[in-house]
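Student: Supplied structure: protein_25.cif, mmCIF, C-alpha atoms and all ligand atoms.
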data_structure
#
loop_
_atom_site.label_atom_id
_atom_site.label_comp_id
_atom_site.auth_asym_id
_atom_site.auth_seq_id
_atom_site.Cartn_x
_atom_site.Cartn_y
_atom_site.Cartn_z
CA MET O 2 -32.38 65.63 5.38
CA SER O 3 -34.26 68.90 5.02
CA PRO O 4 -38.04 68.92 5.59
CA SER O 5 -38.56 69.91 1.93
CA GLY O 6 -36.34 67.03 0.79
CA PRO O 7 -37.17 63.71 -0.82
CA ALA O 8 -38.49 62.16 2.43
CA ARG O 9 -41.98 63.42 1.59
CA ASN O 10 -42.88 61.78 -1.68
CA VAL O 11 -46.12 63.38 -2.78
CA GLU O 12 -45.40 63.55 -6.50
CA PHE O 13 -47.55 61.40 -8.73
CA GLY O 14 -45.43 59.16 -10.93
CA ALA O 15 -42.18 59.91 -9.09
CA SER O 16 -39.58 57.22 -9.71
CA GLU O 17 -38.96 54.58 -7.09
CA HIS O 18 -35.19 54.78 -6.83
CA VAL O 19 -33.55 56.88 -4.16
CA ARG O 20 -33.92 60.48 -5.20
CA LEU O 21 -31.45 63.20 -4.49
CA ASN O 22 -32.67 66.63 -3.52
CA LEU O 23 -30.72 68.81 -5.95
CA VAL O 24 -30.90 72.47 -5.10
CA ARG O 25 -28.45 74.35 -7.30
CA GLY O 26 -26.37 73.99 -10.42
CA GLU O 27 -23.54 75.63 -12.29
CA ASN O 28 -22.87 74.35 -15.78
CA ALA O 29 -22.43 70.56 -15.42
CA ARG O 30 -22.14 70.63 -11.63
CA LEU O 31 -25.17 70.08 -9.37
CA TRP O 32 -25.33 70.37 -5.59
CA ASP O 33 -27.65 68.51 -3.24
CA ASP O 34 -29.20 69.82 -0.03
CA GLN O 35 -26.28 68.42 1.95
CA GLY O 36 -23.79 70.49 -0.09
CA ARG O 37 -22.44 67.49 -1.99
CA ALA O 38 -21.47 68.14 -5.62
CA TYR O 39 -22.33 65.88 -8.56
CA VAL O 40 -21.39 66.01 -12.22
CA ASP O 41 -24.35 65.89 -14.61
CA LEU O 42 -23.75 63.11 -17.13
CA GLY O 43 -27.47 62.86 -17.88
CA ALA O 44 -29.36 64.19 -14.87
CA THR O 45 -30.98 66.91 -16.96
CA HIS O 46 -32.24 64.30 -19.48
CA GLY O 47 -30.85 66.11 -22.49
CA ALA O 48 -32.79 69.31 -21.76
CA GLY O 49 -29.89 70.88 -19.88
CA SER O 50 -27.55 71.04 -22.89
CA LEU O 51 -26.41 74.54 -21.94
CA GLY O 52 -25.81 73.71 -18.28
CA ALA O 53 -28.02 73.81 -15.22
CA ALA O 54 -28.10 77.59 -14.74
CA ASN O 55 -26.75 79.13 -17.93
CA PRO O 56 -26.38 82.87 -17.16
CA GLU O 57 -27.54 83.89 -20.66
CA ILE O 58 -30.73 81.84 -20.37
CA ALA O 59 -31.36 83.16 -16.85
CA ALA O 60 -30.83 86.77 -18.02
CA ALA O 61 -33.08 86.31 -21.08
CA VAL O 62 -35.91 84.96 -18.91
CA ALA O 63 -35.48 87.68 -16.26
CA ASP O 64 -35.32 90.50 -18.82
CA GLN O 65 -38.34 89.18 -20.70
CA GLY O 66 -40.24 88.72 -17.45
CA ARG O 67 -39.91 92.41 -16.74
CA GLU O 68 -41.30 93.23 -20.23
CA MET O 69 -44.09 90.68 -20.45
CA VAL O 70 -44.53 87.26 -18.87
CA TYR O 71 -47.48 86.04 -20.90
CA LEU O 72 -49.34 86.81 -24.10
CA GLY O 73 -51.78 84.64 -26.04
CA SER O 74 -50.48 83.37 -29.37
CA GLY O 75 -53.27 85.21 -31.24
CA TYR O 76 -51.22 88.40 -30.90
CA ALA O 77 -47.88 89.17 -32.48
CA ASN O 78 -44.95 89.62 -30.14
CA PRO O 79 -41.42 90.71 -31.07
CA VAL O 80 -39.55 88.07 -29.09
CA ARG O 81 -41.64 85.26 -30.60
CA THR O 82 -41.05 86.63 -34.09
CA ARG O 83 -37.29 86.88 -33.50
CA PHE O 84 -37.10 83.38 -32.06
CA LEU O 85 -39.09 81.86 -34.95
CA GLU O 86 -37.01 83.69 -37.54
CA ARG O 87 -33.77 82.58 -35.87
CA LEU O 88 -34.93 78.96 -35.73
CA LEU O 89 -35.96 78.94 -39.40
CA SER O 90 -32.69 80.64 -40.40
CA LEU O 91 -30.82 77.59 -39.06
CA LEU O 92 -32.93 75.09 -41.00
CA PRO O 93 -33.07 74.17 -44.71
CA GLY O 94 -35.17 76.61 -46.79
CA SER O 95 -38.02 74.12 -47.21
CA PHE O 96 -39.09 74.72 -43.60
CA ALA O 97 -41.41 77.70 -43.30
CA ARG O 98 -43.94 77.16 -40.48
CA VAL O 99 -43.57 76.43 -36.77
CA PHE O 100 -46.14 75.36 -34.19
CA LEU O 101 -44.92 76.15 -30.67
CA SER O 102 -45.93 74.14 -27.61
CA ASN O 103 -44.46 73.30 -24.21
CA SER O 104 -42.95 69.80 -24.35
CA GLY O 105 -41.80 67.00 -26.59
CA THR O 106 -44.99 65.03 -26.33
CA GLU O 107 -47.11 68.04 -27.30
CA ALA O 108 -44.86 68.73 -30.27
CA ILE O 109 -45.35 65.10 -31.38
CA GLU O 110 -49.14 65.38 -30.95
CA ALA O 111 -49.05 68.41 -33.24
CA ALA O 112 -47.01 66.47 -35.81
CA LEU O 113 -49.55 63.61 -35.75
CA LYS O 114 -52.48 65.98 -36.22
CA ILE O 115 -50.75 67.96 -38.95
CA ALA O 116 -49.83 64.76 -40.81
CA ARG O 117 -53.30 63.23 -40.63
CA SER O 118 -55.10 66.44 -41.50
CA SER O 119 -52.83 67.57 -44.32
CA THR O 120 -52.67 64.17 -46.05
CA GLY O 121 -56.24 63.10 -45.32
CA ARG O 122 -54.79 59.71 -44.33
CA THR O 123 -54.61 57.88 -41.01
CA LYS O 124 -51.76 55.36 -40.84
CA ILE O 125 -48.64 56.29 -38.89
CA VAL O 126 -45.53 54.16 -39.37
CA ALA O 127 -43.05 54.31 -36.48
CA ALA O 128 -40.12 52.15 -35.38
CA MET O 129 -39.72 49.39 -32.87
CA ARG O 130 -37.77 50.61 -29.81
CA GLY O 131 -38.90 54.16 -30.66
CA PHE O 132 -39.99 56.64 -28.00
CA HIS O 133 -42.11 59.69 -28.78
CA GLY O 134 -43.77 60.65 -25.49
CA ARG O 135 -46.49 59.62 -23.05
CA THR O 136 -49.71 61.36 -24.03
CA MET O 137 -52.21 59.18 -25.86
CA GLY O 138 -51.12 59.97 -29.44
CA SER O 139 -47.38 60.04 -28.85
CA LEU O 140 -47.68 56.95 -26.64
CA SER O 141 -49.34 55.17 -29.54
CA ALA O 142 -46.22 55.96 -31.61
CA THR O 143 -43.98 54.76 -28.77
CA TRP O 144 -42.92 51.12 -28.94
CA ARG O 145 -42.45 49.72 -25.41
CA ARG O 146 -45.39 47.57 -24.46
CA GLU O 147 -45.20 48.10 -20.69
CA LEU O 148 -45.47 51.88 -21.14
CA LYS O 149 -48.68 51.45 -23.15
CA GLU O 150 -50.60 48.49 -21.80
CA PRO O 151 -52.14 50.07 -18.65
CA PHE O 152 -53.65 52.86 -20.75
CA GLU O 153 -55.17 50.94 -23.65
CA PRO O 154 -57.04 51.38 -25.88
CA LEU O 155 -54.67 53.86 -27.46
CA VAL O 156 -55.09 55.70 -30.75
CA PRO O 157 -55.65 53.29 -33.67
CA GLY O 158 -53.68 53.40 -36.91
CA PHE O 159 -50.10 53.01 -35.67
CA VAL O 160 -47.75 50.29 -36.96
CA HIS O 161 -44.15 49.66 -35.94
CA VAL O 162 -41.35 48.29 -38.11
CA PRO O 163 -37.88 47.13 -37.08
CA PHE O 164 -35.48 50.08 -36.87
CA ASN O 165 -32.86 50.18 -39.64
CA ASP O 166 -34.78 47.69 -41.80
CA PRO O 167 -35.57 49.42 -45.13
CA ARG O 168 -37.43 46.39 -46.54
CA ALA O 169 -39.84 46.31 -43.59
CA LEU O 170 -40.39 50.04 -44.03
CA GLU O 171 -41.10 49.57 -47.73
CA SER O 172 -43.84 47.05 -47.04
CA ALA O 173 -45.41 49.14 -44.26
CA VAL O 174 -45.57 52.49 -46.08
CA ASP O 175 -48.50 52.56 -48.48
CA GLU O 176 -51.25 54.76 -49.91
CA SER O 177 -52.96 55.02 -46.53
CA THR O 178 -49.83 56.30 -44.73
CA ALA O 179 -49.96 59.84 -43.38
CA LEU O 180 -46.60 59.87 -41.62
CA VAL O 181 -43.37 57.95 -41.19
CA LEU O 182 -42.10 59.02 -37.78
CA LEU O 183 -38.50 58.23 -36.77
CA GLU O 184 -35.82 59.28 -34.31
CA PRO O 185 -32.48 59.69 -36.14
CA VAL O 186 -30.91 58.28 -32.98
CA GLN O 187 -33.28 56.34 -30.74
CA GLY O 188 -32.69 57.68 -27.23
CA GLU O 189 -34.98 56.07 -24.66
CA GLY O 190 -34.91 52.83 -26.69
CA GLY O 191 -31.21 52.30 -25.97
CA VAL O 192 -29.25 54.81 -28.10
CA HIS O 193 -29.47 53.22 -31.54
CA VAL O 194 -28.16 55.27 -34.46
CA ALA O 195 -30.11 55.17 -37.74
CA THR O 196 -28.22 54.05 -40.82
CA GLU O 197 -28.06 56.42 -43.76
CA GLU O 198 -29.65 53.70 -45.90
CA PHE O 199 -32.67 53.51 -43.56
CA LEU O 200 -33.28 57.27 -43.48
CA ARG O 201 -32.85 57.58 -47.25
CA ALA O 202 -35.26 54.69 -47.73
CA ALA O 203 -37.75 56.43 -45.42
CA ARG O 204 -37.54 59.57 -47.58
CA THR O 205 -37.97 57.55 -50.79
CA PHE O 206 -40.90 55.44 -49.57
CA ALA O 207 -42.68 58.45 -48.05
CA ASP O 208 -42.33 60.37 -51.32
CA ARG O 209 -43.41 57.40 -53.40
CA SER O 210 -46.61 56.90 -51.41
CA GLY O 211 -47.42 60.56 -50.73
CA ALA O 212 -46.80 60.23 -46.97
CA LEU O 213 -44.94 62.78 -44.88
CA LEU O 214 -41.59 62.04 -43.27
CA GLY O 215 -41.22 63.25 -39.68
CA PHE O 216 -38.06 63.24 -37.60
CA ASP O 217 -38.42 63.31 -33.83
CA GLU O 218 -35.37 65.33 -32.82
CA VAL O 219 -36.65 66.05 -29.32
CA GLN O 220 -33.53 64.40 -27.88
CA THR O 221 -31.08 64.62 -30.81
CA GLY O 222 -31.79 68.25 -31.73
CA ILE O 223 -29.82 71.45 -31.03
CA GLY O 224 -26.27 70.17 -31.18
CA ARG O 225 -26.49 66.98 -29.15
CA THR O 226 -25.29 64.58 -31.86
CA GLY O 227 -22.49 66.75 -33.24
CA ARG O 228 -24.71 68.59 -35.73
CA LEU O 229 -27.21 71.32 -34.90
CA PHE O 230 -29.89 68.90 -36.14
CA ALA O 231 -29.04 65.21 -36.43
CA PHE O 232 -30.58 64.92 -39.91
CA GLU O 233 -27.83 67.22 -41.26
CA ARG O 234 -25.34 64.36 -40.95
CA TRP O 235 -27.17 62.33 -43.58
CA GLY O 236 -28.67 65.18 -45.61
CA VAL O 237 -32.13 63.59 -45.46
CA VAL O 238 -34.57 66.46 -44.90
CA PRO O 239 -37.96 65.60 -43.37
CA ASP O 240 -41.33 67.31 -43.92
CA LEU O 241 -41.94 67.56 -40.17
CA LEU O 242 -39.24 68.21 -37.62
CA VAL O 243 -40.07 67.88 -33.93
CA LEU O 244 -37.95 69.69 -31.33
CA ALA O 245 -38.17 70.23 -27.55
CA LYS O 246 -35.84 69.42 -24.60
CA SER O 247 -32.83 71.75 -25.03
CA LEU O 248 -34.41 74.10 -27.61
CA ALA O 249 -34.88 76.80 -24.95
CA GLY O 250 -31.90 75.92 -22.75
CA GLY O 251 -34.04 73.94 -20.29
CA VAL O 252 -37.11 76.19 -20.22
CA PRO O 253 -40.20 74.19 -21.28
CA ILE O 254 -40.85 74.39 -25.02
CA GLY O 255 -41.85 72.22 -27.98
CA ALA O 256 -41.68 73.04 -31.67
CA THR O 257 -43.19 71.28 -34.68
CA VAL O 258 -41.62 72.64 -37.85
CA THR O 259 -43.01 72.02 -41.31
CA THR O 260 -43.19 73.27 -44.88
CA GLU O 261 -45.51 75.83 -46.46
CA GLU O 262 -47.02 73.11 -48.61
CA VAL O 263 -47.97 70.94 -45.62
CA ALA O 264 -49.31 73.95 -43.71
CA GLU O 265 -51.50 74.95 -46.65
CA ARG O 266 -53.11 71.52 -46.79
CA PHE O 267 -53.86 71.47 -43.03
CA ARG O 268 -57.57 71.53 -42.18
CA GLY O 269 -59.00 72.05 -38.69
CA SER O 270 -57.34 73.86 -35.83
CA HIS O 271 -54.65 73.28 -33.26
CA HIS O 272 -53.69 75.56 -30.42
CA SER O 273 -51.99 75.79 -27.02
CA THR O 274 -52.50 78.48 -24.37
CA PHE O 275 -48.88 78.53 -23.26
CA GLY O 276 -47.29 77.54 -26.58
CA GLY O 277 -45.02 80.33 -27.84
CA ASN O 278 -45.17 82.27 -24.58
CA PRO O 279 -42.69 85.18 -24.34
CA LEU O 280 -40.53 83.61 -21.59
CA ALA O 281 -39.94 80.42 -23.57
CA CYS O 282 -39.30 82.36 -26.78
CA ALA O 283 -36.77 84.64 -25.06
CA ALA O 284 -35.01 81.58 -23.65
CA GLY O 285 -35.19 79.86 -27.05
CA LEU O 286 -33.63 82.82 -28.82
CA ALA O 287 -30.84 83.02 -26.22
CA ALA O 288 -30.28 79.24 -26.43
CA LEU O 289 -29.98 79.20 -30.23
CA ASN O 290 -27.62 82.18 -30.21
CA PHE O 291 -25.48 80.61 -27.46
CA THR O 292 -25.36 77.20 -29.19
CA VAL O 293 -24.27 78.67 -32.52
CA ARG O 294 -21.83 81.22 -31.08
CA GLU O 295 -20.12 78.69 -28.82
CA ARG O 296 -20.00 76.10 -31.63
CA LEU O 297 -21.55 73.49 -29.39
CA PRO O 298 -22.27 70.94 -32.14
CA GLU O 299 -18.52 70.78 -32.94
CA ARG O 300 -17.78 70.50 -29.24
CA ALA O 301 -20.28 67.63 -28.90
CA GLU O 302 -18.63 65.88 -31.84
CA ARG O 303 -15.15 66.26 -30.32
CA LEU O 304 -16.04 65.27 -26.75
CA GLY O 305 -18.14 62.40 -28.07
CA ALA O 306 -15.25 61.06 -30.16
CA ARG O 307 -13.02 61.25 -27.08
CA ALA O 308 -15.60 59.29 -25.08
CA ARG O 309 -15.78 56.52 -27.64
CA GLU O 310 -11.97 56.31 -27.60
CA VAL O 311 -11.89 56.00 -23.79
CA LEU O 312 -14.91 53.68 -23.55
CA GLY O 313 -13.38 51.45 -26.21
CA GLY O 314 -11.22 50.26 -23.30
CA LEU O 315 -14.18 48.78 -21.42
CA PRO O 316 -13.93 45.01 -20.82
CA ALA O 317 -15.78 43.03 -23.52
CA GLU O 318 -16.90 40.38 -21.02
CA LYS O 319 -19.12 43.01 -19.33
CA ILE O 320 -20.01 45.28 -22.24
CA ARG O 321 -22.04 44.36 -25.28
CA GLU O 322 -21.59 47.61 -27.21
CA VAL O 323 -20.85 51.33 -26.97
CA ARG O 324 -23.07 53.35 -29.34
CA GLY O 325 -24.02 56.91 -30.11
CA LEU O 326 -23.26 60.16 -31.87
CA GLY O 327 -21.70 63.25 -30.33
CA LEU O 328 -22.70 63.60 -26.68
CA MET O 329 -25.51 61.05 -26.90
CA ILE O 330 -23.85 57.84 -25.82
CA GLY O 331 -25.18 54.46 -24.78
CA VAL O 332 -23.12 51.78 -23.07
CA GLU O 333 -24.92 48.46 -23.28
CA PHE O 334 -24.02 45.99 -20.54
CA ARG O 335 -24.37 42.23 -20.69
CA GLY O 336 -26.30 42.52 -17.42
CA LYS O 337 -28.36 45.19 -15.63
CA ALA O 338 -27.26 48.83 -15.84
CA ALA O 339 -28.74 49.88 -12.47
CA PRO O 340 -25.82 48.79 -10.22
CA TYR O 341 -23.39 50.78 -12.38
CA LEU O 342 -25.61 53.87 -12.22
CA ALA O 343 -25.74 53.56 -8.44
CA ALA O 344 -21.95 53.16 -8.24
CA LEU O 345 -21.49 56.22 -10.45
CA GLN O 346 -23.81 58.21 -8.18
CA GLU O 347 -21.76 57.10 -5.16
CA ARG O 348 -18.72 58.62 -6.85
CA GLY O 349 -20.59 61.86 -7.62
CA PHE O 350 -21.60 61.29 -11.27
CA LEU O 351 -25.26 61.22 -12.35
CA ALA O 352 -26.04 59.23 -15.49
CA ILE O 353 -29.34 57.70 -16.64
CA SER O 354 -30.52 54.44 -18.15
CA ALA O 355 -32.08 53.70 -21.53
CA GLY O 356 -33.84 50.41 -20.94
CA SER O 357 -32.59 47.98 -18.30
CA THR O 358 -29.13 47.24 -19.74
CA VAL O 359 -27.95 50.59 -21.11
CA VAL O 360 -26.20 53.43 -19.27
CA ARG O 361 -26.90 56.62 -21.17
CA LEU O 362 -24.65 59.66 -21.11
CA LEU O 363 -26.28 62.99 -22.04
CA PRO O 364 -24.06 65.61 -20.41
CA PRO O 365 -24.46 69.34 -21.02
CA LEU O 366 -22.71 70.21 -24.30
CA THR O 367 -20.87 72.82 -22.22
CA ILE O 368 -19.39 70.31 -19.76
CA PRO O 369 -15.79 71.28 -18.90
CA GLU O 370 -13.35 68.79 -20.44
CA ARG O 371 -11.89 67.90 -17.07
CA GLU O 372 -15.30 66.89 -15.70
CA TRP O 373 -16.04 64.88 -18.82
CA GLU O 374 -12.71 63.03 -18.51
CA GLU O 375 -13.41 62.41 -14.82
CA GLY O 376 -16.86 61.08 -15.66
CA LEU O 377 -15.49 58.69 -18.26
CA ALA O 378 -12.76 57.55 -15.87
CA ALA O 379 -15.40 56.94 -13.18
CA LEU O 380 -17.42 54.81 -15.59
CA LEU O 381 -14.34 52.73 -16.44
CA GLU O 382 -13.62 52.35 -12.75
CA VAL O 383 -17.13 51.22 -11.75
CA VAL O 384 -17.23 48.72 -14.61
CA GLU O 385 -13.83 47.30 -13.74
CA SER O 386 -14.57 47.03 -10.04
CA GLY O 387 -18.24 46.00 -10.50
C1 LIG O 401 -37.32 61.31 -28.84
C2 LIG O 401 -38.29 61.83 -27.82
N1 LIG O 401 -39.51 62.24 -28.23
C3 LIG O 401 -40.41 62.73 -27.36
C4 LIG O 401 -40.13 62.81 -26.01
C5 LIG O 401 -41.17 63.37 -25.06
O1 LIG O 401 -40.75 64.59 -24.59
P1 LIG O 401 -41.39 65.23 -23.24
O2 LIG O 401 -40.89 64.40 -22.11
O3 LIG O 401 -40.88 66.64 -23.25
O4 LIG O 401 -42.86 65.15 -23.41
C6 LIG O 401 -38.89 62.39 -25.54
C7 LIG O 401 -38.57 62.44 -24.10
O5 LIG O 401 -37.66 61.85 -23.61
C8 LIG O 401 -37.95 61.89 -26.47
O6 LIG O 401 -36.74 61.47 -26.07
#
Just give me the structure of the file as C-alpha cells.

Tutor:
Amino acid sequence: MSPSGPARNVEFGASEHVRLNLVRGENARLWDDQGRAYVDLGATHGAGSLGAANPEIAAAVADQGREMVYLGSGYANPVRTRFLERLLSLLPGSFARVFLSNSGTEAIEAALKIARSSTGRTKIVAAMRGFHGRTMGSLSATWRRELKEPFEPLVPGFVHVPFNDPRALESAVDESTALVLLEPVQGEGGVHVATEEFLRAARTFADRSGALLGFDEVQTGIGRTGRLFAFERWGVVPDLLVLAKSLAGGVPIGATVTTEEVAERFRGSHHSTFGGNPLACAAGLAALNFTVRERLPERAERLGARAREVLGGLPAEKIREVRGLGLMIGVEFRGKAAPYLAALQERGFLAISAGSTVVRLLPPLTIPEREWEEGLAALLEVVESG
C-alpha cells in the first residue's frame, strides 16, 4: 500500500468500510494504486455520468484555466453566459433564471430560500424517504431520522408525506405552503420512481394553494433516467428545478433554475463566491454539449431496459424488487445489500447502496456495452452464489 493510500485516514466523515485508493480513470474503468482495474457501476455517485476522465471535460477545464480561473459573479463572463444560455435552451420556455452554486445541497438551500422569500410563506412539504442534502436546510427536507438527529434542532417548517400518496399530499399542502419539494426518482432513499398521478397531483395542489413546485433532479438530471430531465417523462413542469452532480461532467456545480415570475417576487439576497466560476461553467457547457450530441439520454434508456431484462432473472427468494428508470437502478434484497457489494468489489465492479437493503447502479451513461453486460452478469453471479 502506498504511503498516500487509505492507511492514513485523516478525513473527517470518511466512511468506515474498506476504501480503495483509486488513482486514475478512463470512461467507466477505474484503477487503484496497485494497478487493479474496476468497472464503475456507481463509484462516481451519479456525478461521473460522462466517465471518470472525459477528454472533452478535461480540455474545457484546461482551456478555460489558461483564460481565467476565477471571476466573481458580479461581473459578466462569456463562458458563464454561454453555459446559462445552453442550459435554458434545453429546458421548457417557462424557465428563465438560474442561480449557480457548487453542490447539490447548496442548490437546494437556494431553492428553499427562493421559495420562502418569493411566496412569503414558510411551510415546505417534502416526501418520506426523500434525500436533499446534508446542510441544515436541505437536511431538514431530508427524511432519514438517523441523518438528522445528531444535529437537531434543524430548520422548522418542514413536513413529510408518504411518497406516491396524492391524498396525503393534498392534506399537507395548504395556504401556508411555500414549496412542495420532490425527487422524481428517489435515489438515496432506495430508488423509488414517482407515479405520474403523484407528480400531477403535486402540480395541481401547489397551483391550487399558491405554493411552488420544486423538483430535486440532482441525481436524476442530465440524462440519467432516459430523459435529459426526468420530469420530461411525465410532462409535469416545476417552478424550481434543482441540478448538480453530473451537470458539469463531474466538476463541482449546482444550479437552481426558476421562472421570471418567481425571480421577480424574490426579496433579499443570495450569493456564493465560487458559484458560476469560469471553470465550472466551461465544464458545464462541454458536458451539456457532449450529453446532447452523444444522445446519452437515449443510451441510458436502452442500457437501462437491457438491465431490467437481465435482472428480471434474479432469484425471487433473495430479491424483493428491481426498480428504476434508465441508468438509475435499485435492486432491493430481502436481506442486507453490503455482502453483495463486497462480492461485486472482489470481482472488480464498484456499486453503491441506497439504504441497507438496496444495491444501486449508477454507471456512467457512456459505459461501454460490454462492461455493462459484464457488470450485470457479475451481479447475477454474486446473488446466485451468495
Ligand atoms: C436528490 C439529491 N439531492 C441533493 C443531494 C446533495 O447533493 P451534494 O452531495 O452535491 O450536496 C443529493 C446527493 O446525493 C441527491 O441525491

Student: Taking only C-alpha atoms and all ligand atoms into account, which residues have an atom no farther than 7 Å from ligand LIG 401 (chain O)? I'd like them as a ChimeraX atom specification.

Tutor: /O:104-107,109,132-135,184,187-189,217-220,245-246

Student: With distances taken over only C-alpha atoms, which residue among O:Val192, O:Phe232, O:Leu351, O:Pro279 lies nearest Arg324 in chain O?

Tutor: O:Val192

Student: So which one's closest to Gly66 in chain O, O:Val80, O:Glu347, O:Leu214, O:Arg303? Using only C-alpha atoms, please.

Tutor: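 Result for the nearest residue to Gly66 in chain O: O:Val80.
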
Student: Between O:Gly121, O:Gly26, O:Gly47, O:Gly75, which has the minimum distance to Arg268 in chain O (counting all atoms listed in the file)?

Tutor: O:Gly121

Student: Can you measure CA of Val160 in chain O to CA of Glu197 in chain O for me? One decimal in Å is fine.

Tutor: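 So the answer is 21.7 Å.
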
Student: Which of these, O:Val323, O:Ala29, O:Leu23, O:Ile115, has the shortest distance to Val359 in chain O once you count all atoms listed in the file?

Tutor: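 Under the stated criterion, the closest residue is O:Val323.
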
Student: Which polymer residues, whether protein, DNA or RNA, lie within 12 Å of the coordinate (-46.2, 60.7, -51.8) when you count only C-alpha atoms? List them as a tab-separated table (two decimals) with C-alpha atoms, keeping the file's coordinate frame, using the chain letters and numbers from the file.

Tutor:
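Result saved to selection26.tsv:
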chain	number	residue	atom	x	y	z
O	120	THR	CA	-52.67	64.17	-46.05
O	122	ARG	CA	-54.79	59.71	-44.33
O	174	VAL	CA	-45.57	52.49	-46.08
O	175	ASP	CA	-48.50	52.56	-48.48
O	176	GLU	CA	-51.25	54.76	-49.91
O	177	SER	CA	-52.96	55.02	-46.53
O	178	THR	CA	-49.83	56.30	-44.73
O	179	ALA	CA	-49.96	59.84	-43.38
O	180	LEU	CA	-46.60	59.87	-41.62
O	181	VAL	CA	-43.37	57.95	-41.19
O	203	ALA	CA	-37.75	56.43	-45.42
O	204	ARG	CA	-37.54	59.57	-47.58
O	205	THR	CA	-37.97	57.55	-50.79
O	206	PHE	CA	-40.90	55.44	-49.57
O	207	ALA	CA	-42.68	58.45	-48.05
O	208	ASP	CA	-42.33	60.37	-51.32
O	209	ARG	CA	-43.41	57.40	-53.40
O	210	SER	CA	-46.61	56.90	-51.41
O	211	GLY	CA	-47.42	60.56	-50.73
O	212	ALA	CA	-46.80	60.23	-46.97
O	213	LEU	CA	-44.94	62.78	-44.88
O	214	LEU	CA	-41.59	62.04	-43.27
O	240	ASP	CA	-41.33	67.31	-43.92

Student: With all atoms listed in the file as the counted atoms, please give the residues lying no more than 9 Å from Pro157 in chain O, apart from itself and same-chain residues fewer than 6 positions off, as a PyMOL selection string.

Tutor: chain O and resi 123-124+141

Student: Using Å and a single decimal, report how far CA of Ala249 in chain O sits from CA of Phe84 in chain O.

Tutor: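 Between CA of Phe84 in chain O and CA of Ala249 in chain O the gap works out to 9.9 Å.
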
Student: Nearest residue to Phe100 in chain O out of O:Tyr76, O:Thr136, O:Ala44, O:Leu242, using all atoms listed in the file?

Tutor: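 Checking each of O:Tyr76, O:Thr136, O:Ala44, O:Leu242 against Phe100 in chain O, counting all atoms listed in the file, the winner is O:Leu242.
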
Student: As an exercise, work out the distance from CA of Gly215 in chain O to CA of Val243 in chain O in Å and give it to one decimal place.

Tutor: 7.5 Å

Student: Restricting the calculation to only C-alpha atoms, which member of O:Glu382, O:Glu302, O:Pro340, O:Leu72 is positioned closest to Leu229 in chain O?

Tutor: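 Smallest distance to Leu229 in chain O is found for O:Glu302.
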
Student: For Gly227 in chain O, list every protein, DNA or RNA residue within 10 Å, evaluated using all atoms listed in the file, and leave out those in the same chain fewer than 6 positions away; present the list as a list in words.

Tutor: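 Once the nearby chain positions are removed, what remains is Thr221, Glu233, Arg234, Arg296, Leu297, Pro298, Glu299, Arg300, Ala301, Glu302, Arg303, Leu304, Gly305, Ala306, Leu326, Gly327, Leu328, Met329 and Leu366 of chain O.
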
Student: Fewer than 6 positions away in the same chain doesn't count, so skip those; otherwise give me all residues within 12 Å of Gly331 in chain O, counting only C-alpha atoms, as a ChimeraX atom specification.

Tutor: /O:42-43,186-194,305,308-309,312,320-325,338,352-363

Student: Would you output range 43-64 of chain O from that structure, restricted to C-alpha atoms, as a compact mmCIF listing (two decimals), in the first residue's frame?

Tutor:
# COMPACT_ATOMS: atom_id res chain seq x y z
CA GLY O 43 -21.82 3.68 -9.10
CA ALA O 44 -18.44 4.67 -7.70
CA THR O 45 -18.81 8.21 -9.00
CA HIS O 46 -22.22 8.57 -7.26
CA GLY O 47 -24.01 9.75 -10.36
CA ALA O 48 -21.68 12.73 -10.86
CA GLY O 49 -19.45 10.83 -13.28
CA SER O 50 -22.11 10.39 -15.97
CA LEU O 51 -19.63 11.23 -18.71
CA GLY O 52 -16.90 8.92 -17.40
CA ALA O 53 -14.07 9.41 -14.96
CA ALA O 54 -11.78 11.48 -17.20
CA ASN O 55 -13.85 12.61 -20.15
CA PRO O 56 -11.36 14.23 -22.58
CA GLU O 57 -13.82 16.97 -23.57
CA ILE O 58 -14.40 17.98 -19.95
CA ALA O 59 -10.66 17.86 -19.23
CA ALA O 60 -9.92 20.02 -22.31
CA ALA O 61 -12.66 22.53 -21.45
CA VAL O 62 -11.28 22.97 -17.92
CA ALA O 63 -7.66 23.23 -19.12
CA ASP O 64 -8.50 25.73 -21.89
